[in-house]
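J.: One structure is given below, represented as structure tokens, and several questions about it will come after.
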Amino acid sequence: MAGVFWYDGQWSTEEPKVLGPMDHAFWLGSIVFDGARAIRGLVPDLDLHCQRVIRSARNMGMDPKIAAGEIEELCREGVRRMGPDAELYIRPMFFIRTGIGAAFPDPASTTFILSIYDAPMPEPKGFSACMVPYRRPAADMAPTDAKASALYPNSSRAVRWAKEKGFENAVMSDPDGNVAEFATSNIMMVKDGVVMTPTANGTFLAGITRSRIISLLREAGREVRECTVTPRMLAEADEIFATGNYGKVQPCTRFEDNQMQPGPVAAQARKLYFDWAEGSRILPGKAA
């Protein structure tokens with residue numbers, strides 16, 4: 001996998017080896033990250049992703065020594081190094097090296113690293129999903145106000161459960177049994193032309209792409225409701241689609257026993273997004 005990496009003031013095309021078994025992040029998971037995209041010269045919402053990784057770090061008790069604007073400039077430089085036609089994942093991260101006592105992370109040891117690497121955009125062909133017996137934690141159970149690496153093993157086991165049942169993705173509930181999100185992205189559904197997405201209730205990360213899609217659809221005259229979504233509502237939906245940084249807008253074409261075609265609202269959301277994203281272009285290249 002081709003990529004560029006920034007660590008300790010230097011760029012490299014080789015992955016830097018930065019952790020050992022005594023590092024706090026290695027054995028106690030004090031790691032946060034964010035994920036942005038560069039898509040053939042476009043860097044949509046890059047500033048917001050860089051700002052969020054700073055918030056995540058602070059919410060995890062870290063002390064980031066680099067500002068969001070500095071991270072953004074490093075990201076732009078890394079994208080330029082990869083060329084105008086590259087489709088990239090941009091991953092700024094913070095981690096803790098040392099602990100105070102056995103477990104408490106030492107904020108002074110907060111370390112920053114940036115990875116930018118090839119990650120082709122998935123085609124919007126559709127995917128299958130089902131409800132799984134795993135839930136997103138409440139805010140008093142886990143650091144849900146951060147994009148913390150420690151949250152992702154629960155997503156992984158949800159997807160594994162779904163795959164064992166013959167599906168490609170998982171729909172996870174919140175602690176009350178209502179729909180929270182897909183294991184890998186936020187979720188939206190459509191019924192009678194109205195878009196609905198779960199209210200951001202502190203149990204899942206309400207994503208930057210999710211917010212962007214909501215705004216774009218509303219500006220286009222589409223009704224979008226942030227509300228309670230139940231599994232039964234999903235089963236009766238006309239459309240279901242995912243919003244997230246990795247694939248932007250991806251239609252769900254089978255939810256449990258309900259077979260669906262990629263729908264017009266998901267197509268509209270995707271077109272609106274990429275039309276808007278043209279304003280983030282930093283390099284010449286093919287239209288996304």
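Identifiers in this document derive from the order of the structure tokens: chains are assigned A, B, ..., residues are numbered from 1 separately in each chain, and ligands are numbered from 1 in order of occurrence.
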Do a neighbour search on Ile96 (chain A) at 10 Å with only C-alpha atoms, toss out local chain neighbours closer than 6 positions, and write the hits as a PyMOL selection string.

T.: chain A and resi 19+23-26+28-32+57+60-63+105-112

J.: Taking only C-alpha atoms into account, produce a table as a Markdown table in which each residue of region 110-212 of chain A with an atom at most 9 Å from an atom of region 227-249 of chain A appears once, together with its shortest atom pair and the distance in Å to one decimal, ordered by chain and rising number.

T.:
| residue | atom | partner | partner_atom | distance |
| --- | --- | --- | --- | --- |
| A:Ala119 | CA | A:Tyr246 | CA | 8.6 |
| A:Met121 | CA | A:Gly247 | CA | 6.1 |
| A:Pro122 | CA | A:Gly247 | CA | 5.9 |
| A:Glu123 | CA | A:Gly247 | CA | 8.1 |
| A:Pro124 | CA | A:Val249 | CA | 7.3 |
| A:Gly126 | CA | A:Phe241 | CA | 8.5 |
| A:Met131 | CA | A:Pro231 | CA | 7.5 |
| A:Val171 | CA | A:Pro231 | CA | 8.9 |
| A:Ser173 | CA | A:Pro231 | CA | 8.5 |
| A:Gly177 | CA | A:Thr230 | CA | 7.7 |
| A:Asn178 | CA | A:Thr230 | CA | 4.9 |
| A:Val179 | CA | A:Thr230 | CA | 5.4 |
| A:Ala180 | CA | A:Val229 | CA | 8.0 |
| A:Glu181 | CA | A:Ala242 | CA | 8.6 |
| A:Phe182 | CA | A:Ala242 | CA | 7.4 |
| A:Thr184 | CA | A:Gly244 | CA | 7.9 |
| A:Ser185 | CA | A:Gly244 | CA | 5.0 |
| A:Asn186 | CA | A:Thr243 | CA | 5.2 |
| A:Ile187 | CA | A:Ala242 | CA | 4.7 |
| A:Met188 | CA | A:Phe241 | CA | 5.4 |
| A:Met189 | CA | A:Ile240 | CA | 4.3 |
| A:Val190 | CA | A:Glu239 | CA | 4.9 |
| A:Lys191 | CA | A:Asp238 | CA | 5.3 |
| A:Asp192 | CA | A:Asp238 | CA | 7.2 |
| A:Gly193 | CA | A:Asp238 | CA | 8.3 |
| A:Val195 | CA | A:Glu239 | CA | 8.9 |
| A:Met196 | CA | A:Cys227 | CA | 6.7 |
| A:Thr197 | CA | A:Cys227 | CA | 6.2 |
| A:Pro198 | CA | A:Cys227 | CA | 5.2 |
| A:Thr199 | CA | A:Cys227 | CA | 4.8 |
| A:Ala200 | CA | A:Cys227 | CA | 8.6 |
| A:Gly207 | CA | A:Gly244 | CA | 6.7 |
| A:Ile208 | CA | A:Gly244 | CA | 7.7 |
| A:Thr209 | CA | A:Gly244 | CA | 5.4 |
| A:Arg210 | CA | A:Thr243 | CA | 5.5 |

J.: Based on the selection just made, write N, CA, C and O atoms of those residues as a compact mmCIF listing (two decimals), in the first residue's frame.

T.:
# COMPACT_ATOMS: atom_id res chain seq x y z
N ALA A 119 -6.45 4.46 -0.89
CA ALA A 119 -7.68 3.80 -0.45
C ALA A 119 -8.75 4.12 -1.49
O ALA A 119 -9.45 5.13 -1.38
N MET A 121 -11.97 4.73 -3.63
CA MET A 121 -13.36 4.93 -3.25
C MET A 121 -14.20 3.74 -3.70
O MET A 121 -14.10 3.30 -4.85
N PRO A 122 -15.02 3.19 -2.81
CA PRO A 122 -15.90 2.09 -3.22
C PRO A 122 -17.01 2.58 -4.15
O PRO A 122 -17.51 3.70 -4.00
N GLU A 123 -17.36 1.75 -5.11
CA GLU A 123 -18.47 2.08 -5.99
C GLU A 123 -19.79 1.96 -5.21
O GLU A 123 -19.92 1.11 -4.34
N PRO A 124 -20.77 2.80 -5.54
CA PRO A 124 -22.06 2.76 -4.81
C PRO A 124 -22.96 1.64 -5.33
O PRO A 124 -24.08 1.89 -5.78
N GLY A 126 -24.05 -0.97 -3.51
CA GLY A 126 -24.97 -1.47 -2.50
C GLY A 126 -24.35 -2.56 -1.65
O GLY A 126 -23.40 -3.23 -2.05
N MET A 131 -29.70 -6.39 11.69
CA MET A 131 -29.57 -6.05 13.10
C MET A 131 -28.68 -7.09 13.77
O MET A 131 -28.68 -8.26 13.39
N VAL A 171 -26.19 -3.39 11.67
CA VAL A 171 -26.88 -2.24 12.25
C VAL A 171 -26.89 -2.43 13.75
O VAL A 171 -27.38 -3.45 14.26
N SER A 173 -27.70 -1.12 17.74
CA SER A 173 -28.69 -0.38 18.53
C SER A 173 -27.98 0.51 19.55
O SER A 173 -26.79 0.35 19.84
N GLY A 177 -32.26 0.17 22.69
CA GLY A 177 -32.78 -0.74 21.68
C GLY A 177 -33.22 -0.07 20.40
O GLY A 177 -33.69 -0.75 19.48
N ASN A 178 -33.07 1.25 20.30
CA ASN A 178 -33.35 1.94 19.05
C ASN A 178 -32.12 1.89 18.14
O ASN A 178 -31.01 1.62 18.59
N VAL A 179 -32.31 2.17 16.88
CA VAL A 179 -31.20 2.12 15.93
C VAL A 179 -30.22 3.26 16.23
O VAL A 179 -30.62 4.41 16.44
N ALA A 180 -28.93 2.91 16.25
CA ALA A 180 -27.88 3.91 16.43
C ALA A 180 -27.22 4.23 15.09
O ALA A 180 -27.27 5.36 14.61
N GLU A 181 -26.61 3.22 14.47
CA GLU A 181 -25.89 3.42 13.22
C GLU A 181 -25.45 2.07 12.68
O GLU A 181 -25.60 1.04 13.32
N PHE A 182 -24.90 2.08 11.46
CA PHE A 182 -24.17 0.92 10.99
C PHE A 182 -22.91 0.77 11.83
O PHE A 182 -22.42 1.73 12.44
N THR A 184 -20.04 0.60 10.74
CA THR A 184 -18.93 1.29 10.10
C THR A 184 -19.25 2.72 9.65
O THR A 184 -18.37 3.39 9.11
N SER A 185 -20.47 3.18 9.87
CA SER A 185 -20.87 4.50 9.35
C SER A 185 -22.22 4.86 9.92
O SER A 185 -22.90 4.05 10.55
N ASN A 186 -22.62 6.09 9.69
CA ASN A 186 -23.96 6.52 10.11
C ASN A 186 -25.01 5.99 9.14
O ASN A 186 -24.70 5.58 8.03
N ILE A 187 -26.27 6.01 9.60
CA ILE A 187 -27.35 5.40 8.83
C ILE A 187 -28.46 6.42 8.58
O ILE A 187 -28.77 7.25 9.44
N MET A 188 -29.04 6.35 7.39
CA MET A 188 -30.23 7.13 7.04
C MET A 188 -31.23 6.21 6.37
O MET A 188 -30.85 5.24 5.71
N MET A 189 -32.50 6.51 6.56
CA MET A 189 -33.57 5.76 5.90
C MET A 189 -34.54 6.74 5.26
O MET A 189 -34.57 7.93 5.61
N VAL A 190 -35.30 6.25 4.31
CA VAL A 190 -36.29 7.08 3.60
C VAL A 190 -37.62 6.36 3.64
O VAL A 190 -37.71 5.15 3.37
N LYS A 191 -38.67 7.11 3.98
CA LYS A 191 -40.03 6.60 3.93
C LYS A 191 -40.92 7.69 3.36
O LYS A 191 -40.96 8.81 3.90
N ASP A 192 -41.61 7.37 2.27
CA ASP A 192 -42.51 8.32 1.62
C ASP A 192 -41.81 9.65 1.32
O ASP A 192 -42.38 10.73 1.47
N GLY A 193 -40.56 9.56 0.88
CA GLY A 193 -39.80 10.73 0.48
C GLY A 193 -39.12 11.50 1.59
O GLY A 193 -38.36 12.43 1.33
N VAL A 195 -36.48 11.76 4.66
CA VAL A 195 -35.25 11.15 5.16
C VAL A 195 -35.26 11.20 6.68
O VAL A 195 -35.59 12.24 7.28
N MET A 196 -34.92 10.09 7.31
CA MET A 196 -34.84 10.02 8.77
C MET A 196 -33.51 9.43 9.17
O MET A 196 -33.01 8.48 8.55
N THR A 197 -32.91 9.97 10.22
CA THR A 197 -31.65 9.47 10.76
C THR A 197 -31.70 9.56 12.27
O THR A 197 -32.33 10.47 12.82
N PRO A 198 -31.10 8.61 12.98
CA PRO A 198 -31.19 8.63 14.44
C PRO A 198 -30.67 9.93 15.05
O PRO A 198 -29.65 10.48 14.62
N THR A 199 -31.39 10.41 16.03
CA THR A 199 -30.95 11.59 16.77
C THR A 199 -29.60 11.33 17.43
O THR A 199 -29.38 10.25 18.01
N ALA A 200 -28.72 12.29 17.34
CA ALA A 200 -27.42 12.16 18.00
C ALA A 200 -27.64 12.24 19.52
O ALA A 200 -27.88 13.30 20.07
N GLY A 207 -21.44 11.81 12.50
CA GLY A 207 -20.31 12.13 11.66
C GLY A 207 -20.38 13.44 10.91
O GLY A 207 -21.44 14.05 10.72
N ILE A 208 -19.21 13.86 10.44
CA ILE A 208 -19.08 15.07 9.65
C ILE A 208 -19.78 14.91 8.31
O ILE A 208 -20.47 15.83 7.84
N THR A 209 -19.63 13.76 7.67
CA THR A 209 -20.32 13.52 6.40
C THR A 209 -21.82 13.46 6.61
O THR A 209 -22.60 13.97 5.80
N ARG A 210 -22.26 12.85 7.71
CA ARG A 210 -23.69 12.82 8.05
C ARG A 210 -24.24 14.23 8.12
O ARG A 210 -25.29 14.54 7.52

J.: Just the residues within 7 Å of region 82-87 of chain A, please, counting only C-alpha atoms, with nothing from its chain fewer than 5 positions along; format it as a list in words.

T.: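 Once the adjacent positions are removed, what remains is Ala38, Ile39, Arg40, Gly41, Asp118, Ala119, Pro120, Met121, Leu283, Pro284, Gly285 and Lys286 of chain A.
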
J.: Write the residues of the preceding selection, restricted to N, CA and C atoms, as a PDB file, in the first residue's frame.

T.:
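Writing the result to selection27.pdb gives the following:
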ATOM      1  N   ALA A  38      -9.034  12.309   0.540  1.00  0.00           N
ATOM      2  CA  ALA A  38      -8.633  13.064  -0.642  1.00  0.00           C
ATOM      3  C   ALA A  38      -9.075  12.233  -1.836  1.00  0.00           C
ATOM      4  N   ILE A  39      -9.867  12.839  -2.711  1.00  0.00           N
ATOM      5  CA  ILE A  39     -10.469  12.109  -3.830  1.00  0.00           C
ATOM      6  C   ILE A  39     -10.120  12.839  -5.116  1.00  0.00           C
ATOM      7  N   ARG A  40      -9.028  12.419  -5.739  1.00  0.00           N
ATOM      8  CA  ARG A  40      -8.596  13.017  -6.996  1.00  0.00           C
ATOM      9  C   ARG A  40      -8.537  14.554  -6.913  1.00  0.00           C
ATOM     10  N   GLY A  41      -7.886  15.018  -5.886  1.00  0.00           N
ATOM     11  CA  GLY A  41      -7.690  16.456  -5.731  1.00  0.00           C
ATOM     12  C   GLY A  41      -8.676  17.152  -4.818  1.00  0.00           C
ATOM     13  N   ASP A 118      -3.107   5.143  -0.049  1.00  0.00           N
ATOM     14  CA  ASP A 118      -4.050   4.767  -1.094  1.00  0.00           C
ATOM     15  C   ASP A 118      -5.241   4.013  -0.514  1.00  0.00           C
ATOM     16  N   ALA A 119      -6.445   4.455  -0.886  1.00  0.00           N
ATOM     17  CA  ALA A 119      -7.681   3.797  -0.454  1.00  0.00           C
ATOM     18  C   ALA A 119      -8.745   4.124  -1.493  1.00  0.00           C
ATOM     19  N   PRO A 120      -8.864   3.315  -2.558  1.00  0.00           N
ATOM     20  CA  PRO A 120      -9.823   3.615  -3.625  1.00  0.00           C
ATOM     21  C   PRO A 120     -11.246   3.760  -3.093  1.00  0.00           C
ATOM     22  N   MET A 121     -11.966   4.728  -3.630  1.00  0.00           N
ATOM     23  CA  MET A 121     -13.360   4.929  -3.248  1.00  0.00           C
ATOM     24  C   MET A 121     -14.200   3.739  -3.696  1.00  0.00           C
ATOM     25  N   LEU A 283      -6.035  20.226  -5.961  1.00  0.00           N
ATOM     26  CA  LEU A 283      -5.177  19.781  -7.030  1.00  0.00           C
ATOM     27  C   LEU A 283      -5.995  19.601  -8.285  1.00  0.00           C
ATOM     28  N   PRO A 284      -5.411  19.825  -9.457  1.00  0.00           N
ATOM     29  CA  PRO A 284      -6.141  19.492 -10.685  1.00  0.00           C
ATOM     30  C   PRO A 284      -6.310  17.987 -10.792  1.00  0.00           C
ATOM     31  N   GLY A 285      -7.375  17.555 -11.381  1.00  0.00           N
ATOM     32  CA  GLY A 285      -7.598  16.121 -11.525  1.00  0.00           C
ATOM     33  C   GLY A 285      -8.955  15.874 -12.142  1.00  0.00           C
ATOM     34  N   LYS A 286      -9.292  14.601 -12.300  1.00  0.00           N
ATOM     35  CA  LYS A 286     -10.584  14.245 -12.871  1.00  0.00           C
ATOM     36  C   LYS A 286     -11.687  14.554 -11.875  1.00  0.00           C
TER      37      LYS A 286
END

J.: A:Phe274, A:Phe255, A:Phe204, A:Tyr117: which is nearest Phe5 (chain A), counting only C-alpha atoms?

T.: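 Nearest candidate to Phe5 (chain A) out of A:Phe274, A:Phe255, A:Phe204, A:Tyr117: A:Tyr117.
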
J.: Could you give me, as a ChimeraX atom specification, each residue of region 5-243 of chain A that DSSP assigns to strand (DSSP E) when run on this structure's backbone?

T.: /A:5-7,10-12,31-33,36-39,87-96,99-100,104-105,110-118,127-135,169-173,179-182,186-191,194-198,224-227,239-243

J.: Run DSSP on the backbone of this structure and report the residues of region 100-236 of chain A it assigns to alpha helix (DSSP H), as a ChimeraX atom specification.

T.: /A:152-164,208-219,231-235

J.: Between CA of Ala277 (chain A) and CA of Ala146 (chain A), what is the distance, to one decimal in Å?

T.: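 If I compute the distance from CA of Ala277 (chain A) to CA of Ala146 (chain A), I get 25.2 Å.
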
J.: Please provide the set of residues having any atom within 9 Å of Ser280 (chain A), restricted to only C-alpha atoms, with same-chain residues fewer than 6 positions apart removed, written as a PyMOL selection string.

T.: chain A and resi 41-46

J.: Applying 8 Å and only C-alpha atoms, which residues near Phe127 (chain A) remain after dropping the ones on its own chain fewer than 3 positions away? List them as a PyMOL selection string.

T.: chain A and resi 168-169+250-254

J.: Between CA of Gly69 (chain A) and CA of Arg218 (chain A), what is the distance, to one decimal in Å?

T.: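 Calculated distance between CA of Gly69 (chain A) and CA of Arg218 (chain A) is 29.1 Å.
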
J.: Interatomic distance between CA of Thr203 (chain A) and CA of Ala183 (chain A)?

T.: 12.4 Å
